[in-house]
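Accompanying notes for the structure given below.
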Amino acid sequence: MSFLEEMVSVVKAHGAINNDFLSRFARGCISGKEFERFAVEFYHFSRHFPLVLCHLLINTSDEDEAANLTKILVSELGDGDSKKRHELLYRDFLRSLNIEPRDIICKPMLNTTRNWIETQLGLYSGKDHFAGLGASFGLENMAIPMWDQLIPGLKKYKEKWFHNMDLTYFTFHRELEDQHEDMMRNTLSIYEGNVLIQESFKNGIKRVLDDEEKFWLGLKC
């Protein structure tokens, strides 16, 4: 098994995407309070992520790596169409639930949410650049299994609770994730033969996904 294949396996088996909250979410079994927590707390991640990614981009010295990271960042910002900026699409989702985004920005995050975002910022901007790359690899490669649990659940909650729920943020994001996965796997392939970075890379994956697992479990009521 190559290092790339090993890291993909590590991500896909992690509790960040194999946990009780996401499993219940997909089955339509979370409470209304838990759904509200999800909607609010995930917005904090969505609005901070472009800043997080910028830190990783400005710390890279490899042009091929920078090209892949730039493509992901540009995608997050709408790929030239400001109406498709991902955080803006999330605002549409919130407003379809009668939640005002401005109120969330002024509201304290849960500790588990803050810790997850601060871990991302620390890894992406830290001195160990390869730990940051590992974190980015972990987030991009856990995304498809995450969306594939969130979207079925959201459709159930739309039918049950919020008939006007706008799911564009989630369905649009899901369509892009194959590209984002490929970009991060291309980035790792640049360093495939460099055993010196592997421990840092693994550490970055573990740290960001460990805190993501705590984020999901922190939404339980």
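The way I read the labels, and the way they are meant: chains A, B, ... in the order of the structure tokens, residue 1 as the first residue of every chain, and ligand 1 as the first ligand shown, with later ones counted on from there.
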Tell me, as a ChimeraX atom specification, which residues lie within 12 Å of Asn111 (chain A), counting only C-alpha atoms; anything in the same chain fewer than 6 positions away does not count. /A:41,44,117-119,211-212,214-219
Once you have the residues from the selection above, write them out as a short mmCIF file (atom, residue, chain, number, x, y, z; two decimals), in the first residue's frame, restricted to all heavy atoms.
```cif
data_model
loop_
_atom_site.label_atom_id
_atom_site.label_comp_id
_atom_site.auth_asym_id
_atom_site.auth_seq_id
_atom_site.Cartn_x
_atom_site.Cartn_y
_atom_site.Cartn_z
N GLU A 41 -23.50 26.03 14.45
CA GLU A 41 -22.08 25.77 14.68
C GLU A 41 -21.33 25.45 13.39
O GLU A 41 -20.17 25.83 13.23
CB GLU A 41 -21.92 24.62 15.68
CG GLU A 41 -22.49 24.91 17.06
CD GLU A 41 -21.84 26.11 17.75
OE1 GLU A 41 -20.60 26.24 17.67
OE2 GLU A 41 -22.58 26.91 18.36
N HIS A 44 -20.00 28.54 11.65
CA HIS A 44 -18.71 29.08 12.11
C HIS A 44 -17.57 28.45 11.31
O HIS A 44 -16.62 29.14 10.92
CB HIS A 44 -18.52 28.82 13.60
CG HIS A 44 -19.42 29.62 14.48
ND1 HIS A 44 -19.45 31.00 14.47
CD2 HIS A 44 -20.35 29.23 15.41
CE1 HIS A 44 -20.32 31.44 15.35
NE2 HIS A 44 -20.89 30.39 15.94
N ILE A 117 -11.80 24.86 15.06
CA ILE A 117 -11.36 25.95 14.18
C ILE A 117 -9.95 26.42 14.57
O ILE A 117 -9.10 26.66 13.70
CB ILE A 117 -12.37 27.11 14.20
CG1 ILE A 117 -13.68 26.67 13.56
CG2 ILE A 117 -11.80 28.33 13.48
CD1 ILE A 117 -14.81 27.66 13.70
N GLU A 118 -9.70 26.53 15.88
CA GLU A 118 -8.37 26.96 16.32
C GLU A 118 -7.30 25.93 15.97
O GLU A 118 -6.16 26.29 15.65
CB GLU A 118 -8.39 27.25 17.82
CG GLU A 118 -9.14 28.52 18.16
CD GLU A 118 -9.17 28.81 19.66
OE1 GLU A 118 -8.73 27.94 20.44
OE2 GLU A 118 -9.64 29.90 20.03
N THR A 119 -7.66 24.65 16.02
CA THR A 119 -6.72 23.61 15.59
C THR A 119 -6.39 23.76 14.12
O THR A 119 -5.22 23.65 13.71
CB THR A 119 -7.31 22.22 15.87
OG1 THR A 119 -7.40 22.02 17.28
CG2 THR A 119 -6.42 21.12 15.29
N ASP A 211 -10.25 16.57 16.49
CA ASP A 211 -11.06 17.70 16.96
C ASP A 211 -12.36 17.81 16.17
O ASP A 211 -13.35 18.32 16.69
CB ASP A 211 -10.26 19.00 16.88
CG ASP A 211 -9.41 19.21 18.12
OD1 ASP A 211 -9.50 18.38 19.05
OD2 ASP A 211 -8.65 20.19 18.17
N GLU A 212 -12.37 17.35 14.92
CA GLU A 212 -13.64 17.33 14.19
C GLU A 212 -14.61 16.33 14.81
O GLU A 212 -15.81 16.60 14.93
CB GLU A 212 -13.44 16.99 12.71
CG GLU A 212 -14.76 16.99 11.97
CD GLU A 212 -14.64 16.73 10.49
OE1 GLU A 212 -13.51 16.61 9.98
OE2 GLU A 212 -15.70 16.66 9.83
N LYS A 214 -14.76 15.55 17.90
CA LYS A 214 -15.28 16.21 19.11
C LYS A 214 -16.31 17.29 18.74
O LYS A 214 -17.27 17.52 19.48
CB LYS A 214 -14.12 16.84 19.90
CG LYS A 214 -13.18 15.80 20.49
CD LYS A 214 -11.95 16.46 21.10
CE LYS A 214 -10.96 15.41 21.58
NZ LYS A 214 -9.69 16.02 22.06
N PHE A 215 -16.10 17.96 17.59
CA PHE A 215 -17.08 18.95 17.12
C PHE A 215 -18.44 18.30 16.94
O PHE A 215 -19.46 18.80 17.43
CB PHE A 215 -16.60 19.56 15.80
CG PHE A 215 -17.68 20.28 15.04
CD1 PHE A 215 -18.08 21.55 15.40
CD2 PHE A 215 -18.31 19.67 13.95
CE1 PHE A 215 -19.09 22.22 14.71
CE2 PHE A 215 -19.31 20.32 13.26
CZ PHE A 215 -19.71 21.59 13.64
N TRP A 216 -18.46 17.16 16.22
CA TRP A 216 -19.76 16.51 15.96
C TRP A 216 -20.39 16.03 17.26
O TRP A 216 -21.60 16.25 17.49
CB TRP A 216 -19.57 15.33 15.01
CG TRP A 216 -19.25 15.74 13.61
CD1 TRP A 216 -18.11 15.47 12.92
CD2 TRP A 216 -20.08 16.50 12.71
NE1 TRP A 216 -18.16 16.02 11.66
CE2 TRP A 216 -19.35 16.66 11.52
CE3 TRP A 216 -21.34 17.07 12.82
CZ2 TRP A 216 -19.86 17.35 10.41
CZ3 TRP A 216 -21.87 17.77 11.74
CH2 TRP A 216 -21.13 17.91 10.55
N LEU A 217 -19.61 15.42 18.11
CA LEU A 217 -20.17 14.91 19.36
C LEU A 217 -20.60 16.03 20.29
O LEU A 217 -21.49 15.86 21.13
CB LEU A 217 -19.16 13.98 20.05
CG LEU A 217 -18.80 12.72 19.24
CD1 LEU A 217 -17.79 11.87 19.99
CD2 LEU A 217 -20.04 11.89 18.89
N GLY A 218 -19.99 17.21 20.13
CA GLY A 218 -20.37 18.37 20.92
C GLY A 218 -21.72 18.94 20.56
O GLY A 218 -22.28 19.77 21.29
N LEU A 219 -22.29 18.50 19.42
CA LEU A 219 -23.62 18.99 19.00
C LEU A 219 -24.75 18.21 19.65
O LEU A 219 -25.91 18.61 19.57
CB LEU A 219 -23.75 18.88 17.47
CG LEU A 219 -22.73 19.66 16.64
CD1 LEU A 219 -22.98 19.43 15.16
CD2 LEU A 219 -22.77 21.15 16.97
#
```
At most 10 Å is the cut-off: for each residue in region 86-160 of chain A with any atom that close to an atom of region 3-9 of chain A, write down the nearest atom pair and the distance in Å rounded to one decimal, counting only C-alpha atoms, chain first then increasing number, as a Markdown table.
```
| residue | atom | partner | partner_atom | distance |
| --- | --- | --- | --- | --- |
| A:Gly134 | CA | A:Met7 | CA | 9.0 |
| A:Phe137 | CA | A:Met7 | CA | 8.7 |
| A:Gly138 | CA | A:Val8 | CA | 8.1 |
| A:Asn141 | CA | A:Val8 | CA | 7.0 |
| A:Met142 | CA | A:Val8 | CA | 8.8 |
```
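Between Thr60 (chain A) and the residues A:Asp92, A:Asp79, A:Asp128, A:Glu100, the shortest atom-to-atom distance, using only C-alpha atoms, involves A:Asp128.
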Set the distance at 12 Å and use only C-alpha atoms: which residues neighbour Ser31 (chain A) once local chain neighbours fewer than 3 positions away are removed? I'd like the list as a short mmCIF file (atom, residue, chain, number, x, y, z; two decimals) with all heavy atoms, in the first residue's frame.
```cif
data_model
loop_
_atom_site.label_atom_id
_atom_site.label_comp_id
_atom_site.auth_asym_id
_atom_site.auth_seq_id
_atom_site.Cartn_x
_atom_site.Cartn_y
_atom_site.Cartn_z
N PHE A 21 -23.35 11.02 16.06
CA PHE A 21 -24.13 12.18 15.64
C PHE A 21 -24.42 12.13 14.14
O PHE A 21 -25.58 12.28 13.72
CB PHE A 21 -23.43 13.49 15.99
CG PHE A 21 -24.29 14.69 15.68
CD1 PHE A 21 -25.20 15.16 16.61
CD2 PHE A 21 -24.21 15.33 14.45
CE1 PHE A 21 -26.02 16.25 16.31
CE2 PHE A 21 -25.02 16.41 14.15
CZ PHE A 21 -25.93 16.88 15.08
N ARG A 24 -26.92 9.34 13.29
CA ARG A 24 -28.31 9.71 13.62
C ARG A 24 -28.82 10.80 12.70
O ARG A 24 -30.00 10.80 12.31
CB ARG A 24 -28.39 10.16 15.08
CG ARG A 24 -28.23 9.03 16.08
CD ARG A 24 -28.60 9.47 17.50
NE ARG A 24 -27.78 10.55 18.00
CZ ARG A 24 -28.22 11.79 18.24
NH1 ARG A 24 -29.48 12.11 18.01
NH2 ARG A 24 -27.39 12.72 18.70
N PHE A 25 -27.95 11.74 12.35
CA PHE A 25 -28.34 12.82 11.44
C PHE A 25 -28.83 12.24 10.11
O PHE A 25 -29.88 12.62 9.59
CB PHE A 25 -27.16 13.76 11.21
CG PHE A 25 -27.53 15.06 10.55
CD1 PHE A 25 -27.62 16.22 11.31
CD2 PHE A 25 -27.77 15.15 9.19
CE1 PHE A 25 -27.95 17.45 10.71
CE2 PHE A 25 -28.10 16.35 8.58
CZ PHE A 25 -28.20 17.50 9.34
N ARG A 27 -30.05 9.39 9.46
CA ARG A 27 -31.29 8.63 9.59
C ARG A 27 -32.49 9.51 9.92
O ARG A 27 -33.62 9.04 10.00
CB ARG A 27 -31.15 7.56 10.69
CG ARG A 27 -30.07 6.54 10.43
CD ARG A 27 -30.23 5.32 11.33
NE ARG A 27 -30.37 5.67 12.74
CZ ARG A 27 -29.36 5.79 13.60
NH1 ARG A 27 -28.10 5.62 13.17
NH2 ARG A 27 -29.57 6.08 14.86
N GLY A 28 -32.25 10.80 10.14
CA GLY A 28 -33.33 11.71 10.50
C GLY A 28 -33.72 11.60 11.95
O GLY A 28 -34.89 11.86 12.29
N GLU A 34 -30.79 19.77 18.46
CA GLU A 34 -29.53 19.34 17.85
C GLU A 34 -29.41 19.86 16.42
O GLU A 34 -28.33 20.25 15.99
CB GLU A 34 -29.43 17.82 17.87
CG GLU A 34 -29.16 17.25 19.24
CD GLU A 34 -29.20 15.74 19.28
OE1 GLU A 34 -30.06 15.15 18.59
OE2 GLU A 34 -28.37 15.14 19.99
N PHE A 35 -30.52 19.90 15.70
CA PHE A 35 -30.48 20.43 14.33
C PHE A 35 -30.10 21.91 14.34
O PHE A 35 -29.29 22.36 13.53
CB PHE A 35 -31.82 20.25 13.63
CG PHE A 35 -31.81 20.73 12.21
CD1 PHE A 35 -31.32 19.94 11.18
CD2 PHE A 35 -32.25 22.01 11.90
CE1 PHE A 35 -31.28 20.40 9.88
CE2 PHE A 35 -32.22 22.47 10.60
CZ PHE A 35 -31.73 21.66 9.58
N GLU A 36 -30.69 22.66 15.27
CA GLU A 36 -30.36 24.08 15.37
C GLU A 36 -28.88 24.27 15.71
O GLU A 36 -28.20 25.14 15.14
CB GLU A 36 -31.22 24.75 16.42
CG GLU A 36 -30.95 26.25 16.55
CD GLU A 36 -31.80 26.91 17.61
OE1 GLU A 36 -32.65 26.22 18.23
OE2 GLU A 36 -31.62 28.12 17.83
N ARG A 37 -28.39 23.45 16.62
CA ARG A 37 -26.96 23.52 16.96
C ARG A 37 -26.10 23.25 15.75
O ARG A 37 -25.10 23.93 15.52
CB ARG A 37 -26.64 22.49 18.06
CG ARG A 37 -26.79 22.98 19.47
CD ARG A 37 -26.19 21.98 20.44
NE ARG A 37 -26.09 22.53 21.77
CZ ARG A 37 -25.47 21.94 22.77
NH1 ARG A 37 -24.90 20.76 22.60
NH2 ARG A 37 -25.41 22.49 23.95
N PHE A 38 -26.45 22.24 14.99
CA PHE A 38 -25.70 21.93 13.78
C PHE A 38 -25.68 23.13 12.84
O PHE A 38 -24.61 23.54 12.36
CB PHE A 38 -26.31 20.72 13.07
CG PHE A 38 -25.98 20.66 11.61
CD1 PHE A 38 -24.70 20.30 11.18
CD2 PHE A 38 -26.93 21.00 10.65
CE1 PHE A 38 -24.39 20.28 9.82
CE2 PHE A 38 -26.62 20.98 9.30
CZ PHE A 38 -25.34 20.62 8.88
N GLY A 153 -29.97 13.26 5.49
CA GLY A 153 -30.63 13.74 6.69
C GLY A 153 -31.33 15.06 6.47
O GLY A 153 -32.48 15.25 6.89
N TYR A 157 -35.22 16.28 7.15
CA TYR A 157 -35.63 17.40 8.00
C TYR A 157 -36.39 18.45 7.19
O TYR A 157 -37.26 19.13 7.73
CB TYR A 157 -34.42 18.01 8.70
CG TYR A 157 -33.65 16.99 9.50
CD1 TYR A 157 -32.29 16.78 9.30
CD2 TYR A 157 -34.30 16.19 10.42
CE1 TYR A 157 -31.60 15.82 10.02
CE2 TYR A 157 -33.62 15.22 11.14
CZ TYR A 157 -32.27 15.04 10.94
OH TYR A 157 -31.60 14.07 11.64
N LYS A 160 -39.83 17.10 7.08
CA LYS A 160 -40.46 17.03 8.39
C LYS A 160 -40.67 18.39 9.04
O LYS A 160 -41.71 18.64 9.65
CB LYS A 160 -39.61 16.14 9.30
CG LYS A 160 -40.16 15.94 10.71
CD LYS A 160 -39.51 14.78 11.44
CE LYS A 160 -38.02 14.90 11.57
NZ LYS A 160 -37.45 13.83 12.45
N TRP A 161 -39.67 19.29 8.91
CA TRP A 161 -39.69 20.52 9.68
C TRP A 161 -39.69 21.80 8.84
O TRP A 161 -40.43 22.73 9.12
CB TRP A 161 -38.47 20.58 10.62
CG TRP A 161 -38.47 19.60 11.73
CD1 TRP A 161 -39.55 19.07 12.38
CD2 TRP A 161 -37.31 19.02 12.35
NE1 TRP A 161 -39.14 18.21 13.37
CE2 TRP A 161 -37.79 18.16 13.38
CE3 TRP A 161 -35.94 19.13 12.14
CZ2 TRP A 161 -36.92 17.43 14.19
CZ3 TRP A 161 -35.07 18.41 12.95
CH2 TRP A 161 -35.56 17.57 13.96
N LEU A 219 -22.29 18.50 19.42
CA LEU A 219 -23.62 18.99 19.00
C LEU A 219 -24.75 18.21 19.65
O LEU A 219 -25.91 18.61 19.57
CB LEU A 219 -23.75 18.88 17.47
CG LEU A 219 -22.73 19.66 16.64
CD1 LEU A 219 -22.98 19.43 15.16
CD2 LEU A 219 -22.77 21.15 16.97
N LYS A 220 -24.40 17.11 20.32
CA LYS A 220 -25.44 16.28 20.95
C LYS A 220 -26.05 17.00 22.15
O LYS A 220 -25.36 17.66 22.91
CB LYS A 220 -24.83 14.94 21.39
CG LYS A 220 -24.34 14.07 20.26
CD LYS A 220 -23.54 12.88 20.73
CE LYS A 220 -24.39 11.91 21.52
NZ LYS A 220 -23.61 10.69 21.89
N CYS A 221 -27.34 16.85 22.31
CA CYS A 221 -28.05 17.46 23.45
C CYS A 221 -28.53 16.35 24.39
O CYS A 221 -28.88 15.27 23.94
CB CYS A 221 -29.24 18.26 22.97
SG CYS A 221 -28.81 19.71 21.97
#
```
Hey, which of A:Glu140, A:Glu192, A:Asp166, A:Glu213 ends up closest to Arg95 (chain A)? Count only C-alpha atoms.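 Ranked by minimum distance to Arg95 (chain A), first place goes to A:Asp166.
Each of A:Lys155, A:Lys202, A:His173, A:Arg47 was checked against Ala26 (chain A) using only C-alpha atoms; the smallest atom-to-atom distance is that of A:Lys155.
Near Gly78 (chain A), within 12 Å and counting only C-alpha atoms, sit Pro50, Lys71, Ile72, Leu73, Val74, Ser82, Lys83, Lys84, Arg85, His86, Glu87, Leu88, Leu89, Tyr169, Phe172, His173 and Leu176 of chain A; same-chain residues fewer than 4 positions away were not included.
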If you count only C-alpha atoms, which residues fall within 9 Å of Phe45 (chain A), apart from same-chain ones fewer than 2 positions away, as a PyMOL selection string? chain A and resi 41-43+47-49+113-114+116-117
Can you write out the residues you just picked, keeping N, CA and C atoms, as a PDB file, in the first residue's frame?
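part.pdb was written with the following content:
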```
ATOM      1  N   GLU A  41     -23.504  26.026  14.446  1.00  0.00           N
ATOM      2  CA  GLU A  41     -22.084  25.766  14.679  1.00  0.00           C
ATOM      3  C   GLU A  41     -21.332  25.452  13.387  1.00  0.00           C
ATOM      4  N   PHE A  42     -21.966  24.797  12.444  1.00  0.00           N
ATOM      5  CA  PHE A  42     -21.293  24.511  11.173  1.00  0.00           C
ATOM      6  C   PHE A  42     -21.054  25.797  10.387  1.00  0.00           C
ATOM      7  N   TYR A  43     -21.897  26.796  10.620  1.00  0.00           N
ATOM      8  CA  TYR A  43     -21.679  28.081   9.951  1.00  0.00           C
ATOM      9  C   TYR A  43     -20.359  28.704  10.383  1.00  0.00           C
ATOM     10  N   ARG A  47     -17.623  29.892   7.587  1.00  0.00           N
ATOM     11  CA  ARG A  47     -17.170  31.275   7.383  1.00  0.00           C
ATOM     12  C   ARG A  47     -15.683  31.456   7.690  1.00  0.00           C
ATOM     13  N   HIS A  48     -15.108  30.590   8.512  1.00  0.00           N
ATOM     14  CA  HIS A  48     -13.686  30.694   8.832  1.00  0.00           C
ATOM     15  C   HIS A  48     -12.793  29.956   7.835  1.00  0.00           C
ATOM     16  N   PHE A  49     -13.346  29.006   7.092  1.00  0.00           N
ATOM     17  CA  PHE A  49     -12.482  28.125   6.321  1.00  0.00           C
ATOM     18  C   PHE A  49     -11.643  28.841   5.259  1.00  0.00           C
ATOM     19  N   THR A 113     -16.510  23.603  18.970  1.00  0.00           N
ATOM     20  CA  THR A 113     -16.412  24.272  17.664  1.00  0.00           C
ATOM     21  C   THR A 113     -15.175  25.163  17.625  1.00  0.00           C
ATOM     22  N   ARG A 114     -15.005  25.956  18.670  1.00  0.00           N
ATOM     23  CA  ARG A 114     -13.844  26.849  18.728  1.00  0.00           C
ATOM     24  C   ARG A 114     -12.533  26.066  18.675  1.00  0.00           C
ATOM     25  N   TRP A 116     -11.963  23.178  17.320  1.00  0.00           N
ATOM     26  CA  TRP A 116     -11.749  22.624  15.980  1.00  0.00           C
ATOM     27  C   TRP A 116     -11.207  23.696  15.036  1.00  0.00           C
ATOM     28  N   ILE A 117     -11.801  24.865  15.064  1.00  0.00           N
ATOM     29  CA  ILE A 117     -11.355  25.946  14.184  1.00  0.00           C
ATOM     30  C   ILE A 117      -9.955  26.421  14.573  1.00  0.00           C
TER      31      ILE A 117
END
```
Have a look at CA of Lys107 (chain A) and CA of Lys33 (chain A) and let me know their distance in Å, one decimal.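 CA of Lys33 (chain A) lies 16.2 Å from CA of Lys107 (chain A).
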I'd like to know which of A:Leu77, A:Leu97, A:Val208, A:Ala13 is closest to Ser46 (chain A), using only C-alpha atoms.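 Of all the options, A:Leu77 lies closest to Ser46 (chain A).
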